[in-house]
Every structure is written in structure tokens, then in C-alpha cells.
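Okay, my_file-v6.pdb is below, PDB, C-alpha atoms:
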ATOM      1  CA  MET A   1    -100.535 135.868  15.845
ATOM      2  CA  ALA A   2     -97.967 136.690  13.156
ATOM      3  CA  GLU A   3     -95.366 133.959  12.676
ATOM      4  CA  LEU A   4     -91.806 135.169  13.204
ATOM      5  CA  ILE A   5     -89.492 133.630  10.586
ATOM      6  CA  ALA A   6     -86.062 133.399  12.216
ATOM      7  CA  ALA A   7     -83.942 132.648   9.136
ATOM      8  CA  PRO A   8     -82.968 135.795   7.212
ATOM      9  CA  VAL A   9     -84.141 136.334   3.637
ATOM     10  CA  VAL A  10     -82.110 137.844   0.795
ATOM     11  CA  MET A  11     -84.125 139.889  -1.693
ATOM     12  CA  THR A  12     -82.027 140.064  -4.842
ATOM     13  CA  GLY A  13     -82.309 142.773  -7.445
ATOM     14  CA  HIS A  14     -81.214 142.153 -11.023
ATOM     15  CA  GLY A  15     -80.410 144.690 -13.677
ATOM     16  CA  TRP A  16     -82.789 145.666 -16.444
ATOM     17  CA  ALA A  17     -82.494 147.593 -19.694
ATOM     18  CA  ASP A  18     -81.873 150.947 -18.004
ATOM     19  CA  TYR A  19     -79.804 149.809 -15.014
ATOM     20  CA  GLN A  20     -76.940 147.371 -14.383
ATOM     21  CA  LEU A  21     -74.485 146.763 -11.563
ATOM     22  CA  VAL A  22     -71.537 146.120 -13.859
ATOM     23  CA  ASP A  23     -68.791 145.406 -11.318
ATOM     24  CA  SER A  24     -67.775 146.125  -7.725
ATOM     25  CA  GLY A  25     -64.818 145.892  -5.398
ATOM     26  CA  HIS A  26     -62.197 147.781  -3.372
ATOM     27  CA  GLY A  27     -64.943 149.781  -1.673
ATOM     28  CA  ARG A  28     -66.625 151.001  -4.853
ATOM     29  CA  LYS A  29     -69.273 149.970  -7.378
ATOM     30  CA  TYR A  30     -69.529 150.523 -11.118
ATOM     31  CA  GLU A  31     -73.033 150.964 -12.517
ATOM     32  CA  SER A  32     -74.758 151.915 -15.749
ATOM     33  CA  TYR A  33     -77.806 154.189 -15.737
ATOM     34  CA  GLY A  34     -79.111 154.169 -19.273
ATOM     35  CA  PRO A  35     -76.398 155.567 -21.566
ATOM     36  CA  TYR A  36     -74.129 156.740 -18.723
ATOM     37  CA  SER A  37     -71.864 154.877 -16.302
ATOM     38  CA  PHE A  38     -70.777 155.905 -12.810
ATOM     39  CA  ILE A  39     -68.510 154.899  -9.942
ATOM     40  CA  ARG A  40     -69.779 155.324  -6.387
ATOM     41  CA  PRO A  41     -68.442 154.405  -2.939
ATOM     42  CA  GLU A  42     -69.667 151.094  -1.505
ATOM     43  CA  ALA A  43     -68.038 150.028   1.758
ATOM     44  CA  GLN A  44     -69.413 146.487   1.603
ATOM     45  CA  ALA A  45     -67.679 145.721  -1.705
ATOM     46  CA  MET A  46     -64.574 144.389   0.035
ATOM     47  CA  TRP A  47     -63.493 142.029  -2.740
ATOM     48  CA  THR A  48     -61.398 142.654  -5.848
ATOM     49  CA  PRO A  49     -63.042 144.073  -8.993
ATOM     50  CA  ARG A  50     -63.273 141.649 -11.894
ATOM     51  CA  LEU A  51     -62.758 144.260 -14.586
ATOM     52  CA  GLU A  52     -59.358 145.870 -14.999
ATOM     53  CA  HIS A  53     -60.760 149.255 -16.027
ATOM     54  CA  TRP A  54     -63.968 151.129 -15.231
ATOM     55  CA  PRO A  55     -64.510 153.711 -17.993
ATOM     56  CA  ALA A  56     -67.017 155.955 -16.230
ATOM     57  CA  ASP A  57     -68.748 159.208 -17.124
ATOM     58  CA  GLY A  58     -68.664 160.308 -13.504
ATOM     59  CA  GLU A  59     -67.371 159.311 -10.078
ATOM     60  CA  PHE A  60     -68.596 160.413  -6.675
ATOM     61  CA  VAL A  61     -65.657 161.461  -4.495
ATOM     62  CA  PRO A  62     -66.691 161.303  -0.826
ATOM     63  CA  GLY A  63     -65.844 164.070   1.609
ATOM     64  CA  SER A  64     -64.130 163.703   4.953
ATOM     65  CA  ASP A  65     -67.363 163.226   6.947
ATOM     66  CA  GLU A  66     -69.552 160.123   7.275
ATOM     67  CA  ASP A  67     -72.822 161.778   6.296
ATOM     68  CA  GLY A  68     -72.702 161.227   2.565
ATOM     69  CA  GLY A  69     -71.069 164.521   1.597
ATOM     70  CA  GLY A  70     -68.720 164.815  -1.345
ATOM     71  CA  ARG A  71     -68.672 165.848  -4.986
ATOM     72  CA  TRP A  72     -68.993 164.426  -8.480
ATOM     73  CA  ALA A  73     -65.948 164.309 -10.745
ATOM     74  CA  TYR A  74     -66.902 163.979 -14.404
ATOM     75  CA  GLY A  75     -65.076 162.590 -17.412
ATOM     76  CA  THR A  76     -64.837 164.089 -20.864
ATOM     77  CA  ARG A  77     -68.367 163.095 -21.842
ATOM     78  CA  GLN A  78     -71.063 165.598 -20.922
ATOM     79  CA  VAL A  79     -73.560 164.248 -18.356
ATOM     80  CA  PRO A  80     -76.832 166.237 -18.368
ATOM     81  CA  ARG A  81     -76.889 168.135 -15.080
ATOM     82  CA  ASP A  82     -80.692 168.349 -15.152
ATOM     83  CA  GLY A  83     -81.002 164.586 -15.600
ATOM     84  CA  TRP A  84     -82.005 162.088 -18.280
ATOM     85  CA  PRO A  85     -85.014 159.751 -18.608
ATOM     86  CA  LEU A  86     -84.984 156.101 -17.492
ATOM     87  CA  ALA A  87     -87.738 153.526 -17.151
ATOM     88  CA  ARG A  88     -88.633 150.280 -15.444
ATOM     89  CA  GLY A  89     -91.729 148.774 -16.952
ATOM     90  CA  ASP A  90     -94.400 151.441 -17.309
ATOM     91  CA  VAL A  91     -92.783 153.724 -14.740
ATOM     92  CA  LYS A  92     -90.589 156.451 -16.215
ATOM     93  CA  PHE A  93     -88.416 158.737 -14.120
ATOM     94  CA  THR A  94     -85.481 161.127 -14.288
ATOM     95  CA  ALA A  95     -82.018 160.034 -13.178
ATOM     96  CA  GLN A  96     -79.692 162.771 -11.968
ATOM     97  CA  CYS A  97     -76.355 163.045 -10.163
ATOM     98  CA  THR A  98     -77.366 164.371  -6.737
ATOM     99  CA  PRO A  99     -75.123 165.898  -4.037
ATOM    100  CA  PHE A 100     -75.864 162.848  -1.881
ATOM    101  CA  ARG A 101     -74.031 160.303  -4.104
ATOM    102  CA  HIS A 102     -77.147 158.595  -5.477
ATOM    103  CA  LEU A 103     -78.885 159.261  -8.791
ATOM    104  CA  GLY A 104     -82.451 160.132  -7.932
ATOM    105  CA  PHE A 105     -83.809 156.648  -7.248
ATOM    106  CA  PHE A 106     -82.717 153.416  -5.569
ATOM    107  CA  PRO A 107     -82.425 150.525  -8.056
ATOM    108  CA  ASP A 108     -81.999 147.941  -5.282
ATOM    109  CA  MET A 109     -85.648 148.612  -4.338
ATOM    110  CA  ALA A 110     -86.858 146.988  -7.562
ATOM    111  CA  PRO A 111     -87.517 143.555  -5.962
ATOM    112  CA  VAL A 112     -89.428 145.306  -3.173
ATOM    113  CA  TRP A 113     -91.739 146.969  -5.708
ATOM    114  CA  ASP A 114     -92.308 143.552  -7.322
ATOM    115  CA  TRP A 115     -92.959 141.920  -3.925
ATOM    116  CA  MET A 116     -95.562 144.542  -3.033
ATOM    117  CA  GLY A 117     -97.223 144.053  -6.417
ATOM    118  CA  GLU A 118     -97.505 140.326  -5.754
ATOM    119  CA  ARG A 119     -99.260 141.034  -2.438
ATOM    120  CA  LEU A 120    -101.756 143.319  -4.207
ATOM    121  CA  GLN A 121    -102.244 141.296  -7.397
ATOM    122  CA  GLY A 122    -105.761 141.566  -8.747
ATOM    123  CA  ARG A 123    -106.587 144.650  -6.691
ATOM    124  CA  SER A 124    -107.657 147.993  -8.090
ATOM    125  CA  ASP A 125    -108.816 149.568  -4.839
ATOM    126  CA  ALA A 126    -105.917 148.978  -2.421
ATOM    127  CA  GLN A 127    -105.156 151.960  -0.190
ATOM    128  CA  THR A 128    -101.369 152.174   0.256
ATOM    129  CA  MET A 129     -98.902 154.680   1.689
ATOM    130  CA  ASN A 130     -95.287 155.415   0.776
ATOM    131  CA  LEU A 131     -93.512 157.160   3.672
ATOM    132  CA  PHE A 132     -90.229 158.944   2.892
ATOM    133  CA  GLY A 133     -91.423 158.497  -0.682
ATOM    134  CA  TYR A 134     -88.592 160.497  -2.308
ATOM    135  CA  THR A 135     -89.001 160.820  -6.098
ATOM    136  CA  GLY A 136     -91.992 158.520  -6.294
ATOM    137  CA  VAL A 137     -90.817 155.510  -8.317
ATOM    138  CA  GLY A 138     -92.247 153.132  -5.701
ATOM    139  CA  THR A 139     -95.403 155.248  -5.459
ATOM    140  CA  LEU A 140     -96.035 154.972  -9.187
ATOM    141  CA  ALA A 141     -95.503 151.204  -9.034
ATOM    142  CA  LEU A 142     -98.058 150.972  -6.205
ATOM    143  CA  SER A 143    -100.548 153.143  -8.087
ATOM    144  CA  ASP A 144    -101.293 150.188 -10.392
ATOM    145  CA  TYR A 145    -103.334 148.726  -7.528
ATOM    146  CA  GLY A 146    -105.277 151.710  -6.210
ATOM    147  CA  PRO A 147    -104.915 155.053  -4.406
ATOM    148  CA  VAL A 148    -101.518 155.915  -2.889
ATOM    149  CA  THR A 149    -100.558 158.459  -0.249
ATOM    150  CA  HIS A 150     -97.017 159.695  -0.954
ATOM    151  CA  VAL A 151     -95.332 161.453   1.980
ATOM    152  CA  ASP A 152     -91.961 163.195   2.024
ATOM    153  CA  ALA A 153     -90.614 166.147   3.998
ATOM    154  CA  SER A 154     -88.797 167.572   0.953
ATOM    155  CA  LYS A 155     -90.762 169.858  -1.362
ATOM    156  CA  LYS A 156     -88.136 169.285  -4.028
ATOM    157  CA  SER A 157     -88.507 165.497  -3.851
ATOM    158  CA  VAL A 158     -92.300 165.661  -4.035
ATOM    159  CA  ALA A 159     -92.068 168.042  -6.997
ATOM    160  CA  GLN A 160     -89.749 165.569  -8.731
ATOM    161  CA  ALA A 161     -92.177 162.744  -7.932
ATOM    162  CA  ARG A 162     -94.965 164.685  -9.599
ATOM    163  CA  GLU A 163     -92.764 165.245 -12.634
ATOM    164  CA  ASN A 164     -92.004 161.521 -12.788
ATOM    165  CA  ALA A 165     -95.751 160.819 -12.683
ATOM    166  CA  ALA A 166     -96.260 163.147 -15.646
ATOM    167  CA  LEU A 167     -93.315 161.600 -17.493
ATOM    168  CA  SER A 168     -94.901 158.164 -16.994
ATOM    169  CA  GLY A 169     -98.291 159.329 -18.236
ATOM    170  CA  MET A 170     -99.645 158.732 -14.713
ATOM    171  CA  ALA A 171    -100.419 162.290 -13.624
ATOM    172  CA  ASP A 172    -104.100 161.389 -13.301
ATOM    173  CA  ARG A 173    -103.470 158.415 -10.992
ATOM    174  CA  PRO A 174    -105.172 158.709  -7.540
ATOM    175  CA  VAL A 175    -102.051 159.804  -5.630
ATOM    176  CA  ARG A 176    -102.066 162.216  -2.693
ATOM    177  CA  TRP A 177     -98.771 164.122  -2.781
ATOM    178  CA  ILE A 178     -98.014 165.194   0.805
ATOM    179  CA  VAL A 179     -95.124 167.414   1.958
ATOM    180  CA  ASP A 180     -94.965 166.627   5.657
ATOM    181  CA  ASP A 181     -93.029 165.028   8.466
ATOM    182  CA  ALA A 182     -93.754 161.279   8.297
ATOM    183  CA  ALA A 183     -94.163 160.838  12.053
ATOM    184  CA  LYS A 184     -96.559 163.786  12.401
ATOM    185  CA  PHE A 185     -98.562 162.755   9.360
ATOM    186  CA  THR A 186     -99.059 159.153  10.472
ATOM    187  CA  ALA A 187    -100.052 160.325  13.957
ATOM    188  CA  ARG A 188    -102.753 162.516  12.401
ATOM    189  CA  GLU A 189    -103.926 159.606  10.218
ATOM    190  CA  VAL A 190    -104.319 157.501  13.353
ATOM    191  CA  ARG A 191    -106.435 160.214  14.987
ATOM    192  CA  ARG A 192    -108.551 160.399  11.823
ATOM    193  CA  GLY A 193    -109.209 156.661  12.015
ATOM    194  CA  LYS A 194    -107.619 155.973   8.619
ATOM    195  CA  ARG A 195    -106.818 152.475   7.371
ATOM    196  CA  TYR A 196    -104.357 151.219   4.745
ATOM    197  CA  ASP A 197    -103.845 147.952   2.887
ATOM    198  CA  GLY A 198    -100.082 148.397   2.696
ATOM    199  CA  ILE A 199     -97.317 150.707   3.879
ATOM    200  CA  ILE A 200     -93.734 151.060   2.689
ATOM    201  CA  LEU A 201     -91.214 153.153   4.588
ATOM    202  CA  ASP A 202     -87.584 153.916   3.889
ATOM    203  CA  PRO A 203     -86.481 156.222   6.718
ATOM    204  CA  PRO A 204     -83.086 157.958   6.781
ATOM    205  CA  LYS A 205     -80.573 157.658   9.590
ATOM    206  CA  PHE A 206     -81.056 161.373  10.366
ATOM    207  CA  GLY A 207     -83.301 164.009   8.883
ATOM    208  CA  ARG A 208     -85.404 167.113   9.419
ATOM    209  CA  GLY A 209     -89.042 167.711   8.612
ATOM    210  CA  PRO A 210     -90.403 170.756   6.762
ATOM    211  CA  GLU A 211     -90.782 172.642  10.058
ATOM    212  CA  GLY A 212     -87.438 171.604  11.498
ATOM    213  CA  GLU A 213     -88.650 168.367  13.094
ATOM    214  CA  VAL A 214     -85.697 166.146  13.984
ATOM    215  CA  TRP A 215     -85.641 162.497  12.940
ATOM    216  CA  ARG A 216     -83.133 160.113  14.525
ATOM    217  CA  LEU A 217     -83.686 156.532  13.429
ATOM    218  CA  GLU A 218     -83.065 154.691  16.687
ATOM    219  CA  GLU A 219     -85.178 157.158  18.690
ATOM    220  CA  SER A 220     -87.990 157.854  16.221
ATOM    221  CA  LEU A 221     -88.598 154.527  14.479
ATOM    222  CA  PRO A 222     -90.478 152.723  17.306
ATOM    223  CA  GLY A 223     -93.143 155.423  17.554
ATOM    224  CA  LEU A 224     -93.562 155.615  13.778
ATOM    225  CA  LEU A 225     -93.962 151.847  13.487
ATOM    226  CA  ASP A 226     -96.514 151.872  16.284
ATOM    227  CA  ASN A 227     -98.580 154.429  14.381
ATOM    228  CA  CYS A 228     -98.225 152.403  11.181
ATOM    229  CA  ARG A 229     -99.510 149.343  13.029
ATOM    230  CA  GLN A 230    -102.639 151.281  14.020
ATOM    231  CA  LEU A 231    -103.235 152.118  10.354
ATOM    232  CA  LEU A 232    -103.271 148.415   9.413
ATOM    233  CA  ASP A 233    -105.667 145.630  10.355
ATOM    234  CA  ALA A 234    -106.152 141.898   9.861
ATOM    235  CA  GLU A 235    -107.335 142.513   6.270
ATOM    236  CA  SER A 236    -104.268 144.553   5.302
ATOM    237  CA  SER A 237    -101.556 143.059   3.086
ATOM    238  CA  PHE A 238     -98.106 144.311   4.109
ATOM    239  CA  LEU A 239     -95.677 146.680   5.747
ATOM    240  CA  PHE A 240     -92.161 146.903   4.334
ATOM    241  CA  LEU A 241     -89.331 148.707   6.166
ATOM    242  CA  THR A 242     -85.869 149.319   4.702
ATOM    243  CA  VAL A 243     -82.890 150.849   6.494
ATOM    244  CA  TYR A 244     -79.646 152.038   4.892
ATOM    245  CA  ALA A 245     -76.295 153.229   6.188
ATOM    246  CA  VAL A 246     -76.569 152.315   9.861
ATOM    247  CA  ARG A 247     -74.645 149.947  12.086
ATOM    248  CA  MET A 248     -77.680 147.806  12.752
ATOM    249  CA  SER A 249     -78.790 144.236  12.112
ATOM    250  CA  SER A 250     -82.059 143.167  10.523
ATOM    251  CA  LEU A 251     -82.518 141.167  13.734
ATOM    252  CA  ALA A 252     -82.968 144.468  15.572
ATOM    253  CA  LEU A 253     -85.627 145.597  13.100
ATOM    254  CA  ILE A 254     -87.580 142.354  13.237
ATOM    255  CA  GLY A 255     -87.383 142.271  17.028
ATOM    256  CA  LEU A 256     -89.061 145.677  17.137
ATOM    257  CA  MET A 257     -91.676 144.686  14.552
ATOM    258  CA  ASP A 258     -92.416 141.422  16.366
ATOM    259  CA  GLU A 259     -93.278 143.425  19.467
ATOM    260  CA  ILE A 260     -95.596 145.788  17.582
ATOM    261  CA  PHE A 261     -97.139 143.555  14.898
ATOM    262  CA  ARG A 262     -97.404 140.146  16.590
ATOM    263  CA  ASP A 263    -101.165 140.452  17.139
ATOM    264  CA  LEU A 264    -101.820 140.489  13.376
ATOM    265  CA  PRO A 265    -102.129 137.358  11.235
ATOM    266  CA  GLY A 266     -99.499 136.528   8.619
ATOM    267  CA  LYS A 267     -95.733 136.422   9.050
ATOM    268  CA  LEU A 268     -92.752 138.579   9.955
ATOM    269  CA  GLU A 269     -89.502 138.300   8.005
ATOM    270  CA  HIS A 270     -86.166 140.088   7.882
ATOM    271  CA  GLY A 271     -82.956 140.088   5.885
ATOM    272  CA  ASP A 272     -80.864 141.928   3.301
ATOM    273  CA  LEU A 273     -81.482 143.721   0.056
ATOM    274  CA  ALA A 274     -78.797 142.976  -2.502
ATOM    275  CA  VAL A 275     -78.058 143.645  -6.160
ATOM    276  CA  ARG A 276     -76.452 141.016  -8.378
ATOM    277  CA  GLU A 277     -73.636 142.022 -10.697
ATOM    278  CA  GLN A 278     -74.288 141.424 -14.369
ATOM    279  CA  GLY A 279     -73.091 138.190 -15.908
ATOM    280  CA  PRO A 280     -73.697 134.500 -15.190
ATOM    281  CA  ASP A 281     -71.455 134.452 -12.100
ATOM    282  CA  GLY A 282     -72.321 137.923 -10.790
ATOM    283  CA  ARG A 283     -71.693 138.482  -7.089
ATOM    284  CA  LEU A 284     -74.314 139.741  -4.645
ATOM    285  CA  LEU A 285     -73.654 143.232  -3.311
ATOM    286  CA  PRO A 286     -75.631 143.929  -0.096
ATOM    287  CA  THR A 287     -77.110 147.409   0.084
ATOM    288  CA  ALA A 288     -79.652 147.595   2.938
ATOM    289  CA  ILE A 289     -81.415 145.630   5.650
ATOM    290  CA  PHE A 290     -85.170 145.169   5.833
ATOM    291  CA  ALA A 291     -88.012 143.842   7.927
ATOM    292  CA  ARG A 292     -91.480 143.109   6.602
ATOM    293  CA  TRP A 293     -94.913 141.953   7.678
ATOM    294  CA  SER A 294     -97.110 140.230   5.110
ATOM    295  CA  ASN A 295    -100.573 138.730   5.222
ATOM    296  CA  ASP A 296    -100.780 136.496   2.141
TER     297      ASP A 296
END
Go through the file and emit its structure as C-alpha cells.
Amino acid sequence: MAELIAAPVVMTGHGWADYQLVDSGHGRKYESYGPYSFIRPEAQAMWTPRLEHWPADGEFVPGSDEDGGGRWAYGTRQVPRDGWPLARGDVKFTAQCTPFRHLGFFPDMAPVWDWMGERLQGRSDAQTMNLFGYTGVGTLALSDYGPVTHVDASKKSVAQARENAALSGMADRPVRWIVDDAAKFTAREVRRGKRYDGIILDPPKFGRGPEGEVWRLEESLPGLLDNCRQLLDAESSFLFLTVYAVRMSSLALIGLMDEIFRDLPGKLEHGDLAVREQGPDGRLLPTAIFARWSND
């Protein structure tokens, strides 16, 4: 039976050459993405910024709704609208100012990619799956350890993921690029009797599949996790679930996972993802909640 760890865990991301959380406060954050700097809304940054000025190349101005709408306001310096290359380790990808306030990847996921790599260390045949895989940075990190199934409902995101694979020199990696609804795809994998060594999923609060399928987190997540459980066994290594932008505790996530995954060996943990500001006394900015099962 999987051991439920009650105390929450904080997984902390730190900047690297192509990304830094420079400062935060007053409901915003100030970040650098390679040669460009940006200001974005961040409700959890309730403290006072440490820097007096944030000289940014662009700022996302939110709209009146709560669904992430808004627009980018740019400074005098030209920001390439079709994106610019960044890298983390061997993985190269394109950063771009999207209409949804982010820049084409989620830098706070970096410690998650490292954690998954630690679970798969020494493997070259691990079968893993990245659900809601977006632009494929996590997929390419996983591909160091064996075949990956990358699933996303957006044709545009999967096309960008393929381009990132080519940019990284990883176009020949054994990755299945799937444009599909995550819930439908995993249900079919269960019927096919498939098995995976690890699964990562980063579902949205609300979304639609390629055929108009409706995804609502609170309603759809239990069934998806149940299917994921059937794709794992006692020899599998992990499942990692992240959730953004919802009024929910990691205790709710781990309670659901405890119900579904308790028959497996290993342990169940939950907590927060956070990014540390640059500098020796950088503050921790929470960005998401997570729950994970691991079988070390």
C-alpha cells in the first residue's frame, strides 16, 4: 500500500542562464527570458517589490474576465512576434508572447522535469506519457530515458512541440505526437492493455478537445486519474499531477490520489511548486499545487 505523506512538500525552481524570476510584488512578477524581460500578473505576489523600477520589454495587461484574457503592451525594443530560442540543458525551445499571458513554456516545471529524471535514472527503455503536453519541453526531457507519448488537444501546440524537437536535434527521438482529447486517449490505452513507467499531467481548469469535448477539472479529473492508474503497475516509477489557477488545495488532490493509487507500492506526496527570485535572499513565489505518486 502506498504511504500517504501528510506534510506538504515545496518543489522549488531556480533560474538558469535563459530564465530568471528577477522580482515580484504588488500582484505582478518580473522575469527575464533570454535577452528579453517581461511583467506578468501574479495574484500570489502580495508583498512589495524589492526593485524600484522594472524596465521591461513587454507587459501583459489582463482583461476584465478571470479566464486569462488580455493583451501584451510592448516597450520601445522590438520583441520578435514569432519567438526566440531558449534552452535548458540539451532541450531547446521557442519562447513567444502568447495571448494567454505565458511565453510558450512553464519555467516553474523545471524541478518536476529533474524529479522525473531522477526516478528514471539509468533507464533507456522507460515508457512514459505526457498528457496536456503543450509545447513539449517536458516531453523532450523525458525522451532521454526512452519512448514518450505526447498528448495534447491543440494541433498548434503539438506542431510547436515537433518544432522544438527539431530545434533540439531530437526529431528522431521515439516520441509519439498525438493530437487528441486526453481523457478519450487514456481510456483507449486502457482498453488496449497498455502500460507506462511514468505519467505526467498538467490539466487546465477548463478546456475543449479537438472534437469539442468539454473538460472541467473538478468533474473530469477523477475519471482521468482512474484511467492513468490502470496504465501503471507495481513496477512503474511515477505519476505527477500539477494544477494551476484554481481555488483548490493540494490536500484535495492527494485525497483523490490516495483513493485511486493506494493499492500500489511507494508513496503519495503533495504540495506547492514555487520559483525563487534571483539573489541570495530571493523569496519563494508559489505558482501551482501538485500531487505525485512515486515508487523509488
Quiz item: To one decimal place, how far is CA of Asp108 (chain A) from CA of Ser154 (chain A) in Å?
Solution: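 Computed distance, CA of Asp108 (chain A) to CA of Ser154 (chain A), equals 21.7 Å.
With all atoms listed in the file as the atoms that count, the residue of A:Thr242, A:Gly133, A:Gln278, A:Glu3 with the shortest distance to Glu31 (chain A) is A:Gln278.
The set of residues that the PyMOL selection byres ((chain A and resi 263) around 10) takes from this file is Met1, Ala2, Glu3, Arg229, Asp233, Ala234, Asp258, Glu259, Ile260, Phe261, Arg262, Leu264, Pro265 and Gly266 of chain A.
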Self-check item: Surrounding residues of Ile289 (chain A) excluding itself and chain neighbours under 5 positions, 7 Å, all atoms listed in the file, as a list in words
Solution: Thr242, Val243, Tyr244, Ser250, Gly271, Asp272 and Leu273 of chain A
Those selected residues, please, written with C-alpha atoms and delivered as a tab-separated table (two decimals), in the frame of the given file.
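The resulting again-v6.tsv:
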chain	number	residue	atom	x	y	z
A	242	THR	CA	-85.87	149.32	4.70
A	243	VAL	CA	-82.89	150.85	6.49
A	244	TYR	CA	-79.65	152.04	4.89
A	250	SER	CA	-82.06	143.17	10.52
A	271	GLY	CA	-82.96	140.09	5.88
A	272	ASP	CA	-80.86	141.93	3.30
A	273	LEU	CA	-81.48	143.72	0.06
Exercise. Compile the contact shell of Asp281 (chain A) as number ranges by chain: residues with an atom at most 12 Å away, counting all atoms listed in the file, same-chain residues fewer than 4 positions apart removed.
Key: A: 22-23, 50, 276-277
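Take CA of Phe185 (chain A) and CA of Asp296 (chain A): the distance between them is 27.3 Å.
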Practice problem: Identify, on the basis of all atoms listed in the file, every residue whose closest approach to Gly69 (chain A) does not exceed 12 Å; exclude the query and any residue fewer than 4 positions from it along the same chain; express the result as a list in words. | Solution: Pro41, Phe60, Val61, Pro62, Gly63, Ser64, Asp65, Thr98, Pro99, Phe100, Arg101 and His102 of chain A
Enclosing box along x, y and z for every listed atom of region 151-161 of chain A, padded 3 Å each side, centre and size in Å, one decimal, as AutoDock Vina command-line options:
--center_x -91.7 --center_y 165.7 --center_z -2.4 --size_x 13.2 --size_y 14.4 --size_z 18.7
Exercise. Place a sphere of radius 8 Å on (-75.7, 143.3, -8.1) in the file coordinates and name every protein, DNA or RNA residue with an atom inside or on its surface, counting all atoms listed in the file; give the answer as a ChimeraX atom specification.
Key: /A:12-15,20-23,274-278,282-285
Exercise. With a distance cut-off of 7 Å and all atoms listed in the file, select the neighbouring residues of Asp180 (chain A), excluding the residue or stretch itself and same-chain residues fewer than 3 positions from it, and output the selection as a count of residues only.
Key: 6
Practice problem: Run the PyMOL selection byres ((chain A and resi 202) around 6) against the file shown and list the residues it catches, as a VMD selection string. | Solution: chain A and resid 132 201 203 241 to 242
Exercise. For CA of Trp72 (chain A) and CA of Trp215 (chain A), determine how far apart the two atoms are, in Å to one decimal place.
Key: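 Rounded to one decimal, the two atoms are 27.2 Å apart.
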Practice problem: Point out the residue among A:Leu86, A:Val179, A:Ala45, A:Ala187 with the least atom-to-atom distance to Leu103 (chain A), counting all atoms listed in the file. | Solution: A:Leu86
Quiz item: Written as a ChimeraX atom specification, which residues does the PyMOL selection byres ((chain A and resi 97) around 12) give for the file shown?
Solution: /A:33,36-40,57-60,70-74,79-84,94-96,98-105
Put those residues in a file: C-alpha atoms, as a PDB file, in the frame of the given file.
ATOM      1  CA  TYR A  33     -77.806 154.189 -15.737  1.00  0.00           C
ATOM      2  CA  TYR A  36     -74.129 156.740 -18.723  1.00  0.00           C
ATOM      3  CA  SER A  37     -71.864 154.877 -16.302  1.00  0.00           C
ATOM      4  CA  PHE A  38     -70.777 155.905 -12.810  1.00  0.00           C
ATOM      5  CA  ILE A  39     -68.510 154.899  -9.942  1.00  0.00           C
ATOM      6  CA  ARG A  40     -69.779 155.324  -6.387  1.00  0.00           C
ATOM      7  CA  ASP A  57     -68.748 159.208 -17.124  1.00  0.00           C
ATOM      8  CA  GLY A  58     -68.664 160.308 -13.504  1.00  0.00           C
ATOM      9  CA  GLU A  59     -67.371 159.311 -10.078  1.00  0.00           C
ATOM     10  CA  PHE A  60     -68.596 160.413  -6.675  1.00  0.00           C
ATOM     11  CA  GLY A  70     -68.720 164.815  -1.345  1.00  0.00           C
ATOM     12  CA  ARG A  71     -68.672 165.848  -4.986  1.00  0.00           C
ATOM     13  CA  TRP A  72     -68.993 164.426  -8.480  1.00  0.00           C
ATOM     14  CA  ALA A  73     -65.948 164.309 -10.745  1.00  0.00           C
ATOM     15  CA  TYR A  74     -66.902 163.979 -14.404  1.00  0.00           C
ATOM     16  CA  VAL A  79     -73.560 164.248 -18.356  1.00  0.00           C
ATOM     17  CA  PRO A  80     -76.832 166.237 -18.368  1.00  0.00           C
ATOM     18  CA  ARG A  81     -76.889 168.135 -15.080  1.00  0.00           C
ATOM     19  CA  ASP A  82     -80.692 168.349 -15.152  1.00  0.00           C
ATOM     20  CA  GLY A  83     -81.002 164.586 -15.600  1.00  0.00           C
ATOM     21  CA  TRP A  84     -82.005 162.088 -18.280  1.00  0.00           C
ATOM     22  CA  THR A  94     -85.481 161.127 -14.288  1.00  0.00           C
ATOM     23  CA  ALA A  95     -82.018 160.034 -13.178  1.00  0.00           C
ATOM     24  CA  GLN A  96     -79.692 162.771 -11.968  1.00  0.00           C
ATOM     25  CA  THR A  98     -77.366 164.371  -6.737  1.00  0.00           C
ATOM     26  CA  PRO A  99     -75.123 165.898  -4.037  1.00  0.00           C
ATOM     27  CA  PHE A 100     -75.864 162.848  -1.881  1.00  0.00           C
ATOM     28  CA  ARG A 101     -74.031 160.303  -4.104  1.00  0.00           C
ATOM     29  CA  HIS A 102     -77.147 158.595  -5.477  1.00  0.00           C
ATOM     30  CA  LEU A 103     -78.885 159.261  -8.791  1.00  0.00           C
ATOM     31  CA  GLY A 104     -82.451 160.132  -7.932  1.00  0.00           C
ATOM     32  CA  PHE A 105     -83.809 156.648  -7.248  1.00  0.00           C
TER      33      PHE A 105
END
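Closest approach to Trp115 (chain A) among A:Ala183, A:Ile200, A:Ile178, A:Leu51 is made by A:Ile200 (distances from all atoms listed in the file).
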Quiz prompt | Counting all atoms listed in the file, the option among A:Ala165, A:Leu231, A:Ala56, A:Leu217 closest to Pro204 (chain A) | solution = A:Leu217
